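Here is model-v7.csv, consisting of CSV, C-alpha atoms and all ligand atoms:
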chain,number,residue,atom,x,y,z
C,1,MET,CA,-26.2,103.9,63.9
C,2,ILE,CA,-24.7,100.6,62.6
C,3,VAL,CA,-22.6,98.3,64.6
C,4,LEU,CA,-20.6,95.7,62.7
C,5,LYS,CA,-19.4,93.0,65.0
C,6,ASN,CA,-16.3,90.9,64.4
C,7,VAL,CA,-15.4,92.1,61.0
C,8,LEU,CA,-11.9,91.8,59.5
C,9,ILE,CA,-10.5,95.3,58.6
C,10,PRO,CA,-7.3,96.1,56.8
C,11,HIS,CA,-4.4,97.2,59.0
C,12,GLY,CA,-1.1,97.6,57.2
C,13,GLU,CA,-0.7,94.4,55.3
C,14,GLN,CA,-2.7,92.5,57.8
C,15,TRP,CA,-6.4,91.9,58.6
C,16,VAL,CA,-7.5,92.5,62.2
C,17,LYS,CA,-10.7,91.5,63.8
C,18,ARG,CA,-12.7,94.5,65.1
C,19,ASP,CA,-16.1,95.9,66.0
C,20,VAL,CA,-16.9,99.0,64.1
C,21,ILE,CA,-19.5,101.7,64.7
C,22,ILE,CA,-20.9,103.8,61.8
C,23,GLN,CA,-22.6,106.9,62.9
C,24,LYS,CA,-23.6,110.1,61.0
C,25,GLY,CA,-21.8,108.9,57.9
C,26,VAL,CA,-18.4,108.3,59.5
C,27,TYR,CA,-16.6,105.5,61.4
C,28,GLY,CA,-17.0,106.1,65.1
C,29,GLU,CA,-15.4,103.7,67.6
C,30,ILE,CA,-13.3,100.9,66.2
C,31,SER,CA,-12.1,98.5,68.8
C,32,GLU,CA,-11.7,94.8,69.7
C,33,SER,CA,-15.0,94.7,71.5
C,34,ILE,CA,-17.9,97.1,71.6
C,35,ASP,CA,-20.8,96.4,74.0
C,36,GLU,CA,-23.8,97.0,71.8
C,37,ARG,CA,-26.4,96.5,74.5
C,38,PRO,CA,-26.7,100.2,75.5
C,39,LEU,CA,-26.9,101.2,71.9
C,40,LYS,CA,-30.6,101.1,71.7
C,41,ASP,CA,-31.3,102.2,68.1
C,42,ALA,CA,-28.3,100.6,66.5
C,43,ARG,CA,-28.6,98.1,63.7
C,44,ILE,CA,-26.3,95.2,64.8
C,45,ILE,CA,-24.7,93.2,62.1
C,46,GLN,CA,-22.8,90.1,62.9
C,47,GLY,CA,-19.7,90.3,60.7
C,48,GLU,CA,-18.7,86.7,61.3
C,49,GLU,CA,-15.2,87.4,60.2
C,50,ARG,CA,-16.2,88.8,56.8
C,51,TYR,CA,-14.1,91.5,55.4
C,52,LEU,CA,-14.9,95.2,55.8
C,53,LEU,CA,-13.3,97.3,53.1
C,54,PRO,CA,-13.5,100.9,51.9
C,55,ALA,CA,-16.1,100.7,49.1
C,56,PHE,CA,-14.8,100.7,45.5
C,57,ILE,CA,-14.7,104.2,43.9
C,58,ASP,CA,-15.1,103.7,40.1
C,59,PRO,CA,-13.6,106.7,38.3
C,60,HIS,CA,-14.6,105.4,34.8
C,61,VAL,CA,-18.2,104.5,34.1
C,62,HIS,CA,-20.5,105.0,31.1
C,63,VAL,CA,-23.9,105.2,32.7
C,64,ARG,CA,-25.5,106.0,29.2
C,65,GLU,CA,-28.5,108.0,30.4
C,66,PRO,CA,-29.6,110.4,28.9
C,67,GLY,CA,-29.8,109.2,25.3
C,68,PHE,CA,-28.8,105.5,25.4
C,69,ASP,CA,-30.9,104.5,28.3
C,70,TYR,CA,-32.0,101.3,26.5
C,71,LYS,CA,-28.5,100.1,27.3
C,72,GLU,CA,-28.3,101.3,30.9
C,73,ASP,CA,-29.7,104.1,33.1
C,74,TRP,CA,-28.8,105.7,36.4
C,75,ILE,CA,-30.9,103.2,38.4
C,76,THR,CA,-29.6,100.0,36.9
C,77,CYS,CA,-26.0,101.3,36.7
C,78,SER,CA,-25.9,102.5,40.3
C,79,ARG,CA,-27.5,99.2,41.5
C,80,ALA,CA,-24.8,97.3,39.6
C,81,ALA,CA,-22.3,99.5,41.4
C,82,LEU,CA,-23.7,98.6,44.8
C,83,LYS,CA,-23.8,94.9,44.0
C,84,GLY,CA,-20.1,95.2,43.0
C,85,GLY,CA,-19.2,96.9,46.3
C,86,ALA,CA,-18.9,100.4,44.9
C,87,SER,CA,-20.3,103.5,46.6
C,88,SER,CA,-19.3,106.1,44.0
C,89,ILE,CA,-19.1,106.3,40.3
C,90,PHE,CA,-17.8,108.9,37.9
C,91,ASP,CA,-19.7,109.2,34.6
C,92,MET,CA,-18.2,109.7,31.2
C,93,PRO,CA,-19.5,112.3,28.8
C,94,ASN,CA,-19.9,110.3,25.5
C,95,ASN,CA,-23.7,110.1,25.7
C,96,LYS,CA,-25.9,110.2,22.6
C,97,ILE,CA,-25.6,114.0,22.8
C,98,PRO,CA,-22.1,114.3,24.1
C,99,VAL,CA,-21.8,116.3,27.4
C,100,VAL,CA,-19.7,119.3,26.3
C,101,ASN,CA,-21.5,122.3,27.9
C,102,TYR,CA,-23.2,123.5,31.1
C,103,PRO,CA,-26.8,122.6,30.1
C,104,GLY,CA,-25.6,119.1,29.3
C,105,VAL,CA,-23.9,118.6,32.7
C,106,LYS,CA,-26.9,120.2,34.5
C,107,GLU,CA,-29.4,117.9,32.8
C,108,LYS,CA,-27.3,114.8,33.7
C,109,SER,CA,-26.8,116.0,37.2
C,110,GLU,CA,-30.6,116.4,37.7
C,111,ILE,CA,-31.2,112.9,36.4
C,112,ALA,CA,-28.5,111.3,38.5
C,113,SER,CA,-29.6,113.2,41.7
C,114,LYS,CA,-33.1,111.7,41.3
C,115,LYS,CA,-32.1,108.2,40.3
C,116,SER,CA,-28.7,107.2,41.5
C,117,TYR,CA,-28.3,104.8,44.4
C,118,VAL,CA,-24.6,105.8,44.8
C,119,ASN,CA,-22.6,109.0,45.0
C,120,PHE,CA,-21.7,110.3,41.5
C,121,GLY,CA,-19.4,112.6,39.7
C,122,LEU,CA,-19.6,113.8,36.2
C,123,TYR,CA,-17.1,114.6,33.4
C,124,ALA,CA,-17.5,116.9,30.4
C,125,ALA,CA,-15.7,116.3,27.1
C,126,LEU,CA,-13.2,118.6,25.5
C,127,THR,CA,-13.9,119.6,21.9
C,128,ASP,CA,-11.9,121.7,19.6
C,129,LYS,CA,-14.1,124.7,20.5
C,130,ASN,CA,-15.3,124.5,24.1
C,131,ILE,CA,-12.3,125.2,26.3
C,132,ASP,CA,-13.6,128.7,27.4
C,133,GLU,CA,-16.8,127.1,28.5
C,134,LEU,CA,-15.0,124.3,30.3
C,135,LYS,CA,-13.0,126.9,32.2
C,136,SER,CA,-16.1,128.9,33.2
C,137,THR,CA,-17.0,129.1,36.9
C,138,GLY,CA,-20.3,127.3,36.3
C,139,MET,CA,-18.6,124.4,34.6
C,140,GLN,CA,-15.7,124.2,37.1
C,141,GLY,CA,-18.3,123.9,39.9
C,142,ALA,CA,-20.3,121.2,38.1
C,143,VAL,CA,-17.7,118.6,36.8
C,144,CYS,CA,-15.1,116.4,38.5
C,145,GLY,CA,-12.9,116.3,35.5
C,146,ILE,CA,-12.5,116.8,31.7
C,147,LYS,CA,-12.4,113.9,29.3
C,148,ILE,CA,-10.3,114.0,26.1
C,149,TYR,CA,-10.9,111.6,23.3
C,150,LEU,CA,-7.8,111.4,21.1
C,151,ALA,CA,-9.2,108.4,19.2
C,152,ARG,CA,-12.5,106.9,18.0
C,153,THR,CA,-15.0,105.8,20.6
C,154,THR,CA,-18.7,105.4,21.1
C,155,GLY,CA,-20.0,108.9,20.2
C,156,ASN,CA,-17.9,111.0,17.9
C,157,ILE,CA,-15.9,113.5,20.0
C,158,THR,CA,-12.3,113.3,19.0
C,159,VAL,CA,-10.2,116.4,19.7
C,160,THR,CA,-7.6,117.5,17.2
C,161,SER,CA,-6.9,121.2,18.0
C,162,GLY,CA,-3.4,121.7,19.5
C,163,SER,CA,-4.5,124.9,21.3
C,164,ALA,CA,-7.4,123.0,23.0
C,165,LEU,CA,-5.0,120.2,24.0
C,166,LEU,CA,-2.6,122.7,25.6
C,167,ASN,CA,-5.1,124.9,27.2
C,168,VAL,CA,-7.1,122.1,28.8
C,169,PHE,CA,-4.1,121.9,31.2
C,170,ASN,CA,-4.5,125.5,32.1
C,171,GLN,CA,-7.4,124.8,34.5
C,172,PRO,CA,-7.4,122.8,37.8
C,173,LYS,CA,-9.8,119.9,37.1
C,174,PRO,CA,-8.2,116.4,36.4
C,175,VAL,CA,-7.9,115.7,32.7
C,176,LEU,CA,-8.7,112.1,31.7
C,177,VAL,CA,-7.5,110.9,28.4
C,178,HIS,CA,-8.6,108.2,26.0
C,179,THR,CA,-5.4,107.9,24.1
C,180,GLY,CA,-6.3,105.2,21.6
C,181,GLY,CA,-2.8,103.7,22.1
C,182,ILE,CA,0.9,104.6,22.2
C,183,GLU,CA,0.8,107.4,19.6
C,184,GLY,CA,-2.1,109.1,21.4
C,185,LEU,CA,-0.3,108.7,24.7
C,186,LYS,CA,2.9,110.3,23.3
C,187,LYS,CA,0.8,113.2,21.9
C,188,VAL,CA,-0.9,114.0,25.2
C,189,LEU,CA,2.4,113.7,27.1
C,190,PHE,CA,3.9,116.2,24.6
C,191,PHE,CA,1.1,118.7,25.4
C,192,TYR,CA,1.2,118.0,29.2
C,193,GLU,CA,5.0,118.6,29.3
C,194,LYS,CA,4.6,121.8,27.4
C,195,ALA,CA,1.8,122.9,29.7
C,196,SER,CA,4.0,122.1,32.8
C,197,LYS,CA,6.6,124.5,31.4
C,198,HIS,CA,4.0,127.2,30.4
C,199,PHE,CA,1.6,127.2,33.3
C,200,TYR,CA,2.2,127.8,37.0
C,201,VAL,CA,0.1,124.7,38.0
C,202,VAL,CA,-1.2,121.9,35.9
C,203,PRO,CA,-4.0,119.5,36.8
C,204,VAL,CA,-3.6,115.8,37.2
C,205,LEU,CA,-3.3,113.9,33.9
C,206,TYR,CA,-5.2,110.7,34.2
C,207,VAL,CA,-4.5,108.1,31.5
C,208,CYS,CA,-7.5,105.8,31.0
C,209,HIS,CA,-7.3,102.1,30.3
C,210,VAL,CA,-3.6,101.5,29.9
C,211,SER,CA,-3.4,98.2,28.1
C,212,THR,CA,0.1,97.4,26.7
C,213,GLY,CA,3.6,96.9,28.0
C,214,GLU,CA,4.8,99.7,25.8
C,215,GLU,CA,2.4,102.2,27.5
C,216,VAL,CA,3.4,100.9,30.9
C,217,ALA,CA,7.1,101.4,30.2
C,218,LEU,CA,6.5,104.9,28.8
C,219,LEU,CA,4.4,105.9,31.8
C,220,ARG,CA,6.9,104.5,34.3
C,221,LYS,CA,9.5,106.8,32.8
C,222,TRP,CA,7.3,109.9,32.6
C,223,LYS,CA,5.8,109.5,36.1
C,224,LYS,CA,9.3,110.0,37.5
C,225,LYS,CA,9.5,113.4,35.7
C,226,LEU,CA,5.8,114.4,36.2
C,227,PRO,CA,4.4,112.7,39.3
C,228,SER,CA,0.9,114.2,38.7
C,229,ILE,CA,0.3,111.6,36.1
C,230,LEU,CA,-2.1,108.8,37.1
C,231,ALA,CA,-2.6,105.6,35.2
C,232,GLU,CA,-5.7,103.4,35.2
C,233,ALA,CA,-6.1,99.8,34.2
C,234,THR,CA,-9.5,98.1,33.6
C,235,PRO,CA,-10.5,94.7,34.9
C,236,HIS,CA,-10.9,93.3,31.4
C,237,HIS,CA,-7.3,94.3,30.4
C,238,LEU,CA,-6.0,92.9,33.7
C,239,PHE,CA,-7.9,89.6,33.7
C,240,LEU,CA,-8.7,88.8,30.0
C,241,ASN,CA,-6.4,88.4,27.1
C,242,LYS,CA,-7.1,88.3,23.4
C,243,GLU,CA,-5.6,84.8,22.9
C,244,GLU,CA,-8.1,83.1,25.3
C,245,TYR,CA,-11.2,85.3,25.5
C,246,THR,CA,-14.3,83.7,23.8
C,247,GLY,CA,-17.1,85.9,25.1
C,248,LEU,CA,-19.0,88.8,23.3
C,249,LYS,CA,-16.4,90.7,21.4
C,250,GLY,CA,-15.3,94.3,20.9
C,251,VAL,CA,-13.7,96.7,23.4
C,252,LEU,CA,-11.5,99.7,23.0
C,253,PRO,CA,-8.6,99.5,23.6
C,254,PRO,CA,-8.7,95.9,22.4
C,255,LEU,CA,-7.9,93.1,24.8
C,256,SER,CA,-4.1,92.7,25.2
C,257,THR,CA,-1.7,89.8,24.6
C,258,LYS,CA,-0.7,87.6,27.5
C,259,LYS,CA,2.7,89.4,27.5
C,260,ASP,CA,1.0,92.8,27.7
C,261,VAL,CA,-1.2,91.5,30.6
C,262,GLU,CA,2.0,90.5,32.5
C,263,ALA,CA,3.5,93.9,31.9
C,264,LEU,CA,0.3,95.5,33.2
C,265,TRP,CA,0.5,93.4,36.4
C,266,GLU,CA,4.2,94.5,36.8
C,267,GLY,CA,2.9,98.1,36.6
C,268,VAL,CA,0.3,97.3,39.3
C,269,LYS,CA,3.0,95.9,41.5
C,270,ASP,CA,5.5,98.8,41.2
C,271,GLY,CA,2.8,101.5,41.3
C,272,THR,CA,3.0,102.6,37.7
C,273,ILE,CA,-0.7,101.7,37.5
C,274,ASP,CA,-2.4,103.7,40.2
C,275,LEU,CA,-6.0,102.7,40.0
C,276,LEU,CA,-8.7,100.5,38.7
C,277,GLY,CA,-11.5,101.9,36.5
C,278,THR,CA,-14.0,99.5,35.1
C,279,ASP,CA,-14.7,101.4,31.9
C,280,HIS,CA,-18.2,99.9,32.5
C,281,ALA,CA,-19.5,100.4,28.9
C,282,PRO,CA,-22.8,98.5,28.5
C,283,HIS,CA,-24.2,97.6,25.1
C,284,THR,CA,-27.1,95.1,24.6
C,285,VAL,CA,-26.4,91.5,23.8
C,286,GLU,CA,-28.3,92.0,20.5
C,287,GLU,CA,-26.0,94.9,19.6
C,288,LYS,CA,-22.9,92.9,20.5
C,289,ARG,CA,-24.1,90.0,18.4
C,290,GLY,CA,-24.8,92.3,15.4
C,291,ARG,CA,-22.7,92.7,12.3
C,292,VAL,CA,-20.8,95.7,13.6
C,293,PRO,CA,-20.8,95.3,17.4
C,294,PRO,CA,-20.2,98.5,19.4
C,295,SER,CA,-17.1,98.4,21.6
C,296,GLY,CA,-17.4,98.1,25.4
C,297,PHE,CA,-17.8,95.6,28.2
C,298,PRO,CA,-19.8,96.0,31.5
C,299,GLY,CA,-17.7,95.6,34.6
C,300,LEU,CA,-19.1,97.1,37.7
C,301,GLU,CA,-20.4,93.9,39.3
C,302,THR,CA,-17.2,91.9,38.9
C,303,ALA,CA,-14.3,94.3,39.2
C,304,PHE,CA,-13.9,94.4,43.0
C,305,PRO,CA,-14.3,90.6,43.4
C,306,LEU,CA,-11.8,90.0,40.7
C,307,LEU,CA,-9.3,92.2,42.3
C,308,LEU,CA,-9.9,90.5,45.7
C,309,ASN,CA,-9.2,87.2,43.9
C,310,ALA,CA,-5.9,88.6,42.6
C,311,PHE,CA,-5.1,89.6,46.2
C,312,LYS,CA,-5.8,86.1,47.4
C,313,ASP,CA,-3.6,84.7,44.7
C,314,ARG,CA,-0.9,87.1,45.9
C,315,ARG,CA,-0.8,89.0,42.6
C,316,LEU,CA,-1.1,92.2,44.6
C,317,SER,CA,-0.6,93.3,48.2
C,318,LEU,CA,-3.4,94.4,50.5
C,319,ASN,CA,-2.1,98.0,50.2
C,320,SER,CA,-2.1,97.9,46.4
C,321,LEU,CA,-5.6,96.5,46.5
C,322,LEU,CA,-6.8,99.5,48.6
C,323,ARG,CA,-4.8,102.0,46.6
C,324,MET,CA,-6.3,100.6,43.3
C,325,THR,CA,-9.9,100.4,44.5
C,326,SER,CA,-10.4,103.5,46.7
C,327,GLY,CA,-7.2,105.1,47.9
C,328,ASN,CA,-6.0,106.9,44.8
C,329,ALA,CA,-9.4,107.8,43.5
C,330,GLY,CA,-10.4,109.1,46.9
C,331,LYS,CA,-7.3,111.3,46.9
C,332,LEU,CA,-7.9,112.5,43.4
C,333,PHE,CA,-11.4,113.6,44.0
C,334,LYS,CA,-10.7,114.8,47.5
C,335,MET,CA,-13.1,112.4,49.1
C,336,GLY,CA,-13.0,111.4,52.8
C,337,ILE,CA,-13.0,107.7,52.2
C,338,GLY,CA,-9.5,107.0,50.8
C,339,ASP,CA,-7.7,106.3,54.1
C,340,GLY,CA,-9.2,103.0,54.9
C,341,VAL,CA,-11.5,101.9,57.8
C,342,VAL,CA,-10.3,104.5,60.3
C,343,LYS,CA,-12.0,106.5,63.0
C,344,GLY,CA,-13.5,109.7,61.6
C,345,GLY,CA,-13.2,108.5,58.0
C,346,GLU,CA,-16.3,108.6,55.8
C,347,ALA,CA,-18.1,105.3,56.1
C,348,ASP,CA,-18.5,104.2,52.5
C,349,CYS,CA,-17.7,100.6,52.8
C,350,THR,CA,-18.5,97.1,51.7
C,351,LEU,CA,-18.7,93.8,53.6
C,352,VAL,CA,-17.3,91.0,51.6
C,353,GLU,CA,-17.9,87.3,52.1
C,354,GLU,CA,-15.4,84.7,51.1
C,355,GLY,CA,-16.6,81.5,49.5
C,356,GLU,CA,-17.2,79.9,46.1
C,357,PHE,CA,-19.2,82.1,43.8
C,358,CYS,CA,-19.8,82.2,40.1
C,359,ALA,CA,-20.1,85.4,38.1
C,360,GLY,CA,-23.6,85.9,37.0
C,361,GLU,CA,-25.1,83.1,39.2
C,362,ASP,CA,-27.7,85.4,40.6
C,363,GLY,CA,-28.2,87.4,37.4
C,364,TYR,CA,-27.0,91.0,36.6
C,365,GLU,CA,-28.2,94.4,37.7
C,366,THR,CA,-26.8,96.1,34.7
C,367,LYS,CA,-29.5,96.5,32.1
C,368,CYS,CA,-27.4,94.9,29.4
C,369,GLY,CA,-27.5,91.7,31.4
C,370,TRP,CA,-24.2,90.1,30.5
C,371,SER,CA,-20.6,90.1,31.6
C,372,PRO,CA,-17.3,89.2,29.8
C,373,PHE,CA,-16.5,87.3,33.1
C,374,HIS,CA,-19.7,85.2,33.0
C,375,GLY,CA,-19.2,81.9,34.8
C,376,TRP,CA,-15.9,82.8,36.3
C,377,ASN,CA,-15.1,81.5,39.8
C,378,LEU,CA,-15.0,84.3,42.2
C,379,GLY,CA,-13.7,83.8,45.8
C,380,PHE,CA,-15.5,86.9,47.1
C,381,LYS,CA,-18.9,88.6,47.0
C,382,PRO,CA,-20.0,91.9,48.5
C,383,VAL,CA,-23.0,91.2,50.7
C,384,LEU,CA,-23.5,94.7,52.1
C,385,THR,CA,-22.6,98.2,50.7
C,386,VAL,CA,-22.8,101.3,52.8
C,387,VAL,CA,-23.1,104.7,51.1
C,388,ASN,CA,-22.7,107.9,53.3
C,389,GLY,CA,-23.3,105.8,56.4
C,390,PHE,CA,-26.5,104.2,55.1
C,391,ILE,CA,-27.0,100.6,54.1
C,392,SER,CA,-27.9,100.8,50.4
C,393,TYR,CA,-27.4,97.2,49.5
C,394,GLU,CA,-27.8,94.1,51.6
C,395,ASN,CA,-28.0,90.5,50.3
C,396,GLY,CA,-29.6,91.2,47.0
C,397,LYS,CA,-31.8,94.1,48.2
C,398,PHE,CA,-31.3,97.7,47.3
C,399,TYR,CA,-32.3,100.8,49.4
C,400,ARG,CA,-32.2,104.3,48.0
C,401,ASN,CA,-30.6,106.7,50.5
C,402,PRO,CA,-29.4,110.3,50.0
C,403,VAL,CA,-26.5,110.5,47.6
C,404,LYS,CA,-23.9,113.1,46.9
C,405,ASN,CA,-23.0,114.9,43.7
C,406,LEU,CA,-19.2,114.7,44.2
C,407,CYS,CA,-18.5,117.5,41.7
C,408,ARG,CA,-19.4,120.2,44.2
C,501,LIG,O1,-14.9,99.9,24.5
C,501,LIG,C1,-15.1,101.0,24.8
C,501,LIG,N1,-16.4,101.5,24.9
C,501,LIG,N2,-14.1,101.9,25.1
C,501,LIG,C2,-14.4,103.2,25.3
C,501,LIG,O2,-13.5,103.9,25.6
C,501,LIG,C3,-15.7,103.7,25.3
C,501,LIG,C4,-16.7,102.7,25.5
C,501,LIG,C5,-18.1,103.1,25.2
C,501,LIG,O3,-18.6,104.2,25.6
C,501,LIG,O4,-18.9,102.2,24.7
C,502,ZN,ZN,-14.6,104.6,28.8

Could you render the structure from this file as structure tokens?
Amino acid sequence: MIVLKNVLIPHGEQWVKRDVIIQKGVYGEISESIDERPLKDARIIQGEERYLLPAFIDPHVHVREPGFDYKEDWITCSRAALKGGASSIFDMPNNKIPVVNYPGVKEKSEIASKKSYVNFGLYAALTDKNIDELKSTGMQGAVCGIKIYLARTTGNITVTSGSALLNVFNQPKPVLVHTGGIEGLKKVLFFYEKASKHFYVVPVLYVCHVSTGEEVALLRKWKKKLPSILAEATPHHLFLNKEEYTGLKGVLPPLSTKKDVEALWEGVKDGTIDLLGTDHAPHTVEEKRGRVPPSGFPGLETAFPLLLNAFKDRRLSLNSLLRMTSGNAGKLFKMGIGDGVVKGGEADCTLVEEGEFCAGEDGYETKCGWSPFHGWNLGFKPVLTVVNGFISYENGKFYRNPVKNLCR
């Protein structure tokens, strides 16, 4: 049992000071004052008015192992997640050998189960030929979603078959799409609309890394017609822009103009953008400094603090912050953590300290060892992350506790 004393928890648009019990993986009593003296075996944590929030659920991570584990592996990636206040990560399938079939998913799941410090979910990629396998019972029980690449990315798994693009919407798992820009977005919307007319039920269409005003405007319109569309924005598209960024280069989609960044924030405010996904895509510094740098930025350690900064600067409300970091992803993957810090809810949470911090000041957990936000002033820092009711991270120390495969 854990008792957190005097923590600030979200309540509507306010913070309220409470004592919180975590027991058997869920929040127990939450009240203004809990007498901890009779609670013999409890770990008592003095919250000292730090913020207790639902942990970040990151639906978009490239863990890299197996295959590219010199860039990142399940240990380093999941520790980066914990340090960033995340309790669950969902891993993309563009590994060295792309994950497109059951043996591939099974292999990854075995590695993750042994090594991950956080709960995990896995995606498989759609190819022109594997739709029947993706729909099979084994696959449906093993993945949390299906990823479609309509444009070039790390790993070569672009889908072109119209039949595959239609039939992927004739199965229940969320379909995540890397559009490659507005044309790809129009293409997938075309198939999604067609599927909505053809099939009795269609899955959620999850649009990854929306990055331009044009995409935001199109999605705003389409979401009125088809509300099962979700739109993701990454921290680098929300907080960096191509006019000012001077760090290690290369990310897909490319960084946006300041005008596009403003449009993205408008989308966050009005709910067109539903959630934050880091697109944590580590590549080594050496690779990034090479002649043809691979695309991708790491993001797990900085995403939640950056969004908290934005909340402090009044760029988004407390509700939007929660919706973006855990609420909508929790709903999408049917997890019990999406409703906030409430009695009976699953206790995946993070305790966040307010102060003056600097990105990278205490190094990085990600194996690639760099961040596009290096040196940024951050007003918040996760100091404790709880996964399934266990303290898995506390003040720079990591503890490996049982984790869940969220695909089952
Ligand atoms: O920049 C990117 N890198 N964008 C992606 O969508 C994929 C990612 C990667 O896997 O490196
Ligand atoms: Zn990605």

- As a check of understanding: the span from atom CA of Leu8 of chain C to atom CA of Gly336 of chain C is 20.7 Å

- Item | Residue neighbourhood Pro298 of chain C, 12 Å, all atoms listed in the file, exclusion window fewer than 4 positions, as a ChimeraX atom specification | /C:60-64,71-72,76-77,80-81,84,234-236,248-251,277-285,288,302-303,364-374

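For segment 306-312 of chain C, the list of residues within 7 Å, based on all atoms listed in the file and with local chain neighbours fewer than 4 positions off taken out, reads Thr302, Leu316, Ser317, Leu318, Leu321, Leu378, Gly379 and Phe380 of chain C.
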
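Atom CA of Ala55 of chain C is found 22.3 Å from atom CA of Val207 of chain C.
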
- Note on the structure: re atom CA of Glu13 of chain C and atom CA of Leu240 of chain C: distance 27.1 Å

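Closest approach to Ile337 of chain C from the set C:Ser87, C:Asn170, C:Ser78, C:Ser136 is made by C:Ser87, with distances taken over only C-alpha atoms.
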
- Task: Write out as a ChimeraX atom specification which residues come within 12 Å of Trp265 of chain C when counting all atoms listed in the file, dropping same-chain ones fewer than 3 positions away.
- Result: /C:210-213,216,232-235,237-239,258-262,268-276,307,310-311,314-317,320

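Using all atoms listed in the file, the nearest neighbour of Thr160 of chain C within the list C:Glu394, C:His11, C:Leu176, C:Gly184 is C:Gly184.
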
Dig up all the protein and nucleic acid residues within 7 Å of (-25.2, 96.7, 61.3) in the file frame, using only C-alpha atoms, and format them as an mmCIF file with C-alpha atoms, keeping the file's coordinate frame.
data_model
loop_
_atom_site.group_PDB
_atom_site.id
_atom_site.type_symbol
_atom_site.label_atom_id
_atom_site.label_comp_id
_atom_site.auth_asym_id
_atom_site.auth_seq_id
_atom_site.Cartn_x
_atom_site.Cartn_y
_atom_site.Cartn_z
ATOM 1 C CA ILE C 2 -24.700 100.600 62.600
ATOM 2 C CA VAL C 3 -22.600 98.300 64.600
ATOM 3 C CA LEU C 4 -20.600 95.700 62.700
ATOM 4 C CA ARG C 43 -28.600 98.100 63.700
ATOM 5 C CA ILE C 44 -26.300 95.200 64.800
ATOM 6 C CA ILE C 45 -24.700 93.200 62.100
#

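Between ligand ZN 502 (chain C) and the candidates C:Val177, C:Ile22, C:Leu126, C:Ala217, the tightest atom-to-atom separation, counting all atoms listed in the file, involves C:Val177.
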
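The residue that comes closest to ligand LIG 501 (chain C), out of C:Val342, C:Ala151, C:Leu226, C:Ala86 and on the basis of all atoms listed in the file, is C:Ala151.
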
- Pick out the residues sitting within 8 Å of Leu252 of chain C, and hand them over as a ChimeraX atom specification; count all atoms listed in the file, and ignore anything fewer than 4 positions along from it in its own chain. /C:153,180,295-296

Quick one: residues within 6 Å of Cys144 of chain C, all atoms listed in the file counted, chain neighbours fewer than 4 positions away excluded, as a short mmCIF file (atom, residue, chain, number, x, y, z; two decimals) with C-alpha atoms, in the coordinates of the input?
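Saved the output as part-v5.cif:
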data_model
loop_
_atom_site.label_atom_id
_atom_site.label_comp_id
_atom_site.auth_asym_id
_atom_site.auth_seq_id
_atom_site.Cartn_x
_atom_site.Cartn_y
_atom_site.Cartn_z
CA GLY C 121 -19.40 112.60 39.70
CA LEU C 122 -19.60 113.80 36.20
CA TYR C 123 -17.10 114.60 33.40
CA CYS C 407 -18.50 117.50 41.70
#

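With distances restricted to all atoms listed in the file, C:Tyr399 is the closest residue to Lys83 of chain C from C:Tyr206, C:Tyr399, C:Trp222, C:Phe333.
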